[in-house]
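Down below is the structure, laid out as structure tokens.
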Amino acid sequence: MTVMIMHMGTAMLYVSDQYASVKFYRDVMGFSVVTDQDMGDGARWIEMAPPQGSTTIALHDAAHNGKQPGEGAYLTFACDDVEATVEELRGKGADIVGPDVQPWGTFAFINGPDGHRVQIHQK
């Protein structure tokens with residue numbers, strides 16, 4: 001059997017303000033803009049990635065796509081040290097719940113713009 005799918009490529013997030021979301025994911029979460037492209041008709045494709053990450057998020061204008069802000073993917077990002085990451089993100093003003101240490105791993109939730117709640121996880 002040939003393996004055709006190697007990893008998750010892009011997760012879509014529907015947001016009310018693409019540039020406010022870019023600012024959050026860039027300035028607070030440390031992501032970089034991979035693509036910011038005009039899609040015509042007032043739409044933009046904005047794709048971002050965490051440092052050294054192969055999976056990206058695409059920030060879509062909710063109203064332009066007939067969606068509600070916050071509707072879309074539930075994301076979990078891996079990290080090496082949840083406690084240190086939480087401390088750094090809180091220092092940048094992130095609203096965080098946790099960390100929570102469980103037998104299967106340590107995790108925390110970060111509340112982003114438009115009600116998106118992303119998780120960071122350490123196994």
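Residues in the structure tokens are numbered from 1 in each chain, the chains being A, B, ... in the order shown, and ligands are numbered from 1 in the order shown.
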At a cut-off of 8 Å, can you tabulate as a tab-separated table every residue of range 54-109 of chain A near range 113-116 of chain A together with its closest atom pair and the distance in Å to one decimal, using only C-alpha atoms and ordering rows by chain then number?
```
residue	atom	partner	partner_atom	distance
A:Pro69	CA	A:Asp114	CA	5.4
A:Gly70	CA	A:Gly115	CA	5.1
A:Glu71	CA	A:His116	CA	7.9
A:Tyr74	CA	A:His116	CA	7.7
```
Quick one: DSSP helix (DSSP H, G or I) residues in chain A, as a list in words? Gln18, Tyr19, Ala20, Ser21, Val22, Lys23, Phe24, Tyr25, Arg26, Asp27, Val28, Ala63, His64, Asn65, Val82, Glu83, Ala84, Thr85, Val86, Glu87, Glu88, Leu89, Arg90, Gly91, Pro113, Asp114 and Gly115 of chain A
Close residues, range 47-64 of chain A itself excluded, 10 Å, only C-alpha atoms, min 5 positions apart in chain, as an NGL selection string: :A and (7-19 or 21-22 or 25-26 or 29-37 or 41-42 or 69-73 or 75 or 77-78)
Residues as selected, N, CA, C and O atoms, written as a CSV table (one decimal), in the first residue's frame, can you do that?
```csv
chain,number,residue,atom,x,y,z
A,7,HIS,N,0.8,14.2,6.3
A,7,HIS,CA,0.5,15.0,7.6
A,7,HIS,C,-0.7,16.0,7.3
A,7,HIS,O,-1.0,16.2,6.1
A,8,MET,N,-1.2,16.6,8.3
A,8,MET,CA,-2.2,17.6,8.1
A,8,MET,C,-1.6,18.8,7.5
A,8,MET,O,-0.5,19.2,7.9
A,9,GLY,N,-2.2,19.3,6.4
A,9,GLY,CA,-1.6,20.5,5.7
A,9,GLY,C,-2.0,21.8,6.3
A,9,GLY,O,-1.2,22.6,6.8
A,10,THR,N,-3.3,22.1,6.2
A,10,THR,CA,-3.8,23.4,6.6
A,10,THR,C,-5.2,23.2,7.3
A,10,THR,O,-6.0,22.4,6.9
A,11,ALA,N,-5.4,23.9,8.4
A,11,ALA,CA,-6.7,24.0,9.1
A,11,ALA,C,-7.2,25.4,8.9
A,11,ALA,O,-6.5,26.4,8.9
A,12,MET,N,-8.5,25.4,8.6
A,12,MET,CA,-9.2,26.7,8.3
A,12,MET,C,-9.8,27.3,9.6
A,12,MET,O,-10.5,26.5,10.3
A,13,LEU,N,-9.6,28.6,9.8
A,13,LEU,CA,-10.2,29.3,10.9
A,13,LEU,C,-11.0,30.4,10.3
A,13,LEU,O,-10.5,31.2,9.5
A,14,TYR,N,-12.3,30.5,10.7
A,14,TYR,CA,-13.2,31.6,10.3
A,14,TYR,C,-13.1,32.7,11.3
A,14,TYR,O,-13.4,32.5,12.5
A,15,VAL,N,-12.7,33.9,10.8
A,15,VAL,CA,-12.5,35.0,11.7
A,15,VAL,C,-13.2,36.3,11.3
A,15,VAL,O,-13.6,36.4,10.1
A,16,SER,N,-13.5,37.2,12.2
A,16,SER,CA,-14.2,38.4,11.9
A,16,SER,C,-13.2,39.5,11.3
A,16,SER,O,-13.7,40.3,10.5
A,17,ASP,N,-12.0,39.4,11.6
A,17,ASP,CA,-11.0,40.4,11.2
A,17,ASP,C,-9.7,39.7,10.9
A,17,ASP,O,-9.0,39.3,11.8
A,18,GLN,N,-9.4,39.4,9.6
A,18,GLN,CA,-8.2,38.7,9.3
A,18,GLN,C,-6.9,39.3,9.9
A,18,GLN,O,-6.0,38.6,10.4
A,19,TYR,N,-6.8,40.6,9.8
A,19,TYR,CA,-5.6,41.2,10.2
A,19,TYR,C,-5.4,41.3,11.8
A,19,TYR,O,-4.3,41.2,12.3
A,21,SER,N,-6.5,38.8,13.6
A,21,SER,CA,-6.1,37.5,13.8
A,21,SER,C,-4.6,37.2,13.5
A,21,SER,O,-3.9,36.5,14.2
A,22,VAL,N,-4.2,37.8,12.4
A,22,VAL,CA,-2.7,37.8,12.0
A,22,VAL,C,-1.9,38.3,13.1
A,22,VAL,O,-0.9,37.7,13.5
A,25,TYR,N,-1.8,35.7,16.1
A,25,TYR,CA,-1.0,34.5,15.8
A,25,TYR,C,0.5,34.9,15.6
A,25,TYR,O,1.4,34.1,15.9
A,26,ARG,N,0.8,36.0,15.0
A,26,ARG,CA,2.1,36.4,14.8
A,26,ARG,C,2.8,37.0,16.0
A,26,ARG,O,3.8,36.5,16.5
A,29,MET,N,1.5,34.3,19.5
A,29,MET,CA,1.8,32.9,19.3
A,29,MET,C,3.1,32.7,18.6
A,29,MET,O,3.6,31.5,18.6
A,30,GLY,N,3.7,33.7,17.9
A,30,GLY,CA,5.0,33.5,17.3
A,30,GLY,C,5.0,32.9,15.9
A,30,GLY,O,6.0,32.4,15.4
A,31,PHE,N,3.8,32.8,15.3
A,31,PHE,CA,3.7,32.3,13.9
A,31,PHE,C,4.2,33.3,12.9
A,31,PHE,O,4.4,34.4,13.2
A,32,SER,N,4.4,32.8,11.7
A,32,SER,CA,4.8,33.7,10.6
A,32,SER,C,3.8,33.5,9.5
A,32,SER,O,3.2,32.5,9.3
A,33,VAL,N,3.7,34.6,8.7
A,33,VAL,CA,2.8,34.6,7.6
A,33,VAL,C,3.5,33.8,6.4
A,33,VAL,O,4.6,34.2,6.0
A,34,VAL,N,2.8,32.8,6.0
A,34,VAL,CA,3.4,32.0,4.9
A,34,VAL,C,2.9,32.5,3.6
A,34,VAL,O,3.6,32.6,2.6
A,35,THR,N,1.6,32.9,3.5
A,35,THR,CA,0.9,33.4,2.3
A,35,THR,C,-0.1,34.5,2.7
A,35,THR,O,-0.8,34.3,3.6
A,36,ASP,N,-0.1,35.6,2.0
A,36,ASP,CA,-1.1,36.6,2.1
A,36,ASP,C,-1.4,37.0,0.6
A,36,ASP,O,-0.7,37.8,0.0
A,37,GLN,N,-2.4,36.4,0.1
A,37,GLN,CA,-2.7,36.5,-1.4
A,37,GLN,C,-4.1,36.9,-1.6
A,37,GLN,O,-5.1,36.4,-1.0
A,41,ASP,N,-12.5,39.4,-5.6
A,41,ASP,CA,-13.8,39.7,-5.0
A,41,ASP,C,-13.7,40.1,-3.5
A,41,ASP,O,-14.5,39.8,-2.7
A,42,GLY,N,-12.6,40.7,-3.1
A,42,GLY,CA,-12.4,41.2,-1.8
A,42,GLY,C,-11.9,40.1,-0.8
A,42,GLY,O,-11.7,40.4,0.4
A,69,PRO,N,-17.7,33.9,13.0
A,69,PRO,CA,-16.4,33.9,13.6
A,69,PRO,C,-16.4,32.8,14.7
A,69,PRO,O,-17.3,32.6,15.5
A,70,GLY,N,-15.3,32.1,14.8
A,70,GLY,CA,-15.1,31.1,15.8
A,70,GLY,C,-15.6,29.7,15.3
A,70,GLY,O,-15.3,28.7,15.9
A,71,GLU,N,-16.3,29.7,14.2
A,71,GLU,CA,-16.7,28.4,13.6
A,71,GLU,C,-15.6,27.8,12.8
A,71,GLU,O,-14.9,28.5,12.1
A,72,GLY,N,-15.3,26.6,13.0
A,72,GLY,CA,-14.2,25.9,12.2
A,72,GLY,C,-13.5,25.0,13.1
A,72,GLY,O,-14.0,24.3,14.0
A,73,ALA,N,-12.2,24.9,12.8
A,73,ALA,CA,-11.3,23.8,13.3
A,73,ALA,C,-11.0,24.0,14.8
A,73,ALA,O,-11.0,25.1,15.4
A,75,LEU,N,-7.9,23.2,17.1
A,75,LEU,CA,-6.5,23.0,16.9
A,75,LEU,C,-5.7,22.6,18.1
A,75,LEU,O,-5.9,23.2,19.2
A,77,PHE,N,-1.6,22.3,19.1
A,77,PHE,CA,-0.2,22.5,18.7
A,77,PHE,C,0.7,21.8,19.7
A,77,PHE,O,0.5,21.9,20.9
A,78,ALA,N,1.7,21.1,19.2
A,78,ALA,CA,2.6,20.4,20.0
A,78,ALA,C,3.7,21.3,20.5
A,78,ALA,O,4.1,22.3,19.8
```
Determine, for each residue of range 4-65 of chain A having at least one atom at most 9 Å from an atom of range 83-100 of chain A, the closest pair of atoms and their separation in Å to one decimal, counting only C-alpha atoms; order by chain and ascending number, as JSON lines.
```
{"residue": "A:Phe24", "atom": "CA", "partner": "A:Ala94", "partner_atom": "CA", "distance": 8.7}
{"residue": "A:Asp27", "atom": "CA", "partner": "A:Lys92", "partner_atom": "CA", "distance": 8.0}
{"residue": "A:Val28", "atom": "CA", "partner": "A:Lys92", "partner_atom": "CA", "distance": 5.7}
{"residue": "A:Met29", "atom": "CA", "partner": "A:Leu89", "partner_atom": "CA", "distance": 6.9}
```
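If you measure from each of A:Ile110, A:Gln122, A:Arg44, A:Lys23 to Asn65 in chain A using only C-alpha atoms, the closest one turns out to be A:Arg44.
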Residues flagged strand (DSSP E or B) by DSSP in chain A, as a ChimeraX atom specification: /A:10-15,32-40,43-49,56-61,72,76-78,95-102,105-111,117-122
If we count only C-alpha atoms, what is near Val82 in chain A at a cut-off of 8 Å, once residues fewer than 5 positions away on the same chain are taken out, given as a ChimeraX atom specification? /A:99,106-108,120-122
Preceding selection exported with N, CA and C atoms as a PDB file, in the first residue's frame:
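See again-v2.pdb below for the written result:
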```pdb
ATOM      1  N   PRO A  99      -1.624  25.503  32.822  1.00  0.00           N
ATOM      2  CA  PRO A  99      -1.597  24.143  32.288  1.00  0.00           C
ATOM      3  C   PRO A  99      -2.234  23.121  33.218  1.00  0.00           C
ATOM      4  N   THR A 106       0.590  16.904  29.298  1.00  0.00           N
ATOM      5  CA  THR A 106       0.316  18.210  29.866  1.00  0.00           C
ATOM      6  C   THR A 106      -0.218  19.110  28.758  1.00  0.00           C
ATOM      7  N   PHE A 107      -1.243  19.917  29.079  1.00  0.00           N
ATOM      8  CA  PHE A 107      -1.834  20.767  28.057  1.00  0.00           C
ATOM      9  C   PHE A 107      -2.342  22.061  28.670  1.00  0.00           C
ATOM     10  N   ALA A 108      -2.601  23.033  27.805  1.00  0.00           N
ATOM     11  CA  ALA A 108      -3.209  24.304  28.199  1.00  0.00           C
ATOM     12  C   ALA A 108      -4.037  24.806  27.027  1.00  0.00           C
ATOM     13  N   ILE A 120      -2.262  23.789  23.436  1.00  0.00           N
ATOM     14  CA  ILE A 120      -0.883  23.355  23.293  1.00  0.00           C
ATOM     15  C   ILE A 120      -0.745  22.116  24.149  1.00  0.00           C
ATOM     16  N   HIS A 121       0.044  21.180  23.671  1.00  0.00           N
ATOM     17  CA  HIS A 121       0.097  19.845  24.279  1.00  0.00           C
ATOM     18  C   HIS A 121       1.528  19.346  24.300  1.00  0.00           C
ATOM     19  N   GLN A 122       1.880  18.749  25.406  1.00  0.00           N
ATOM     20  CA  GLN A 122       3.181  18.105  25.578  1.00  0.00           C
ATOM     21  C   GLN A 122       2.938  16.677  26.003  1.00  0.00           C
TER      22      GLN A 122
END
```
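CA of Trp104 in chain A sits 14.7 Å away from CA of Thr76 in chain A.
One finds CA of Val101 in chain A at 13.3 Å from CA of Gln119 in chain A.
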CA of Trp45 in chain A to CA of Gly66 in chain A, distance in Å rounded to a single decimal: 15.6 Å
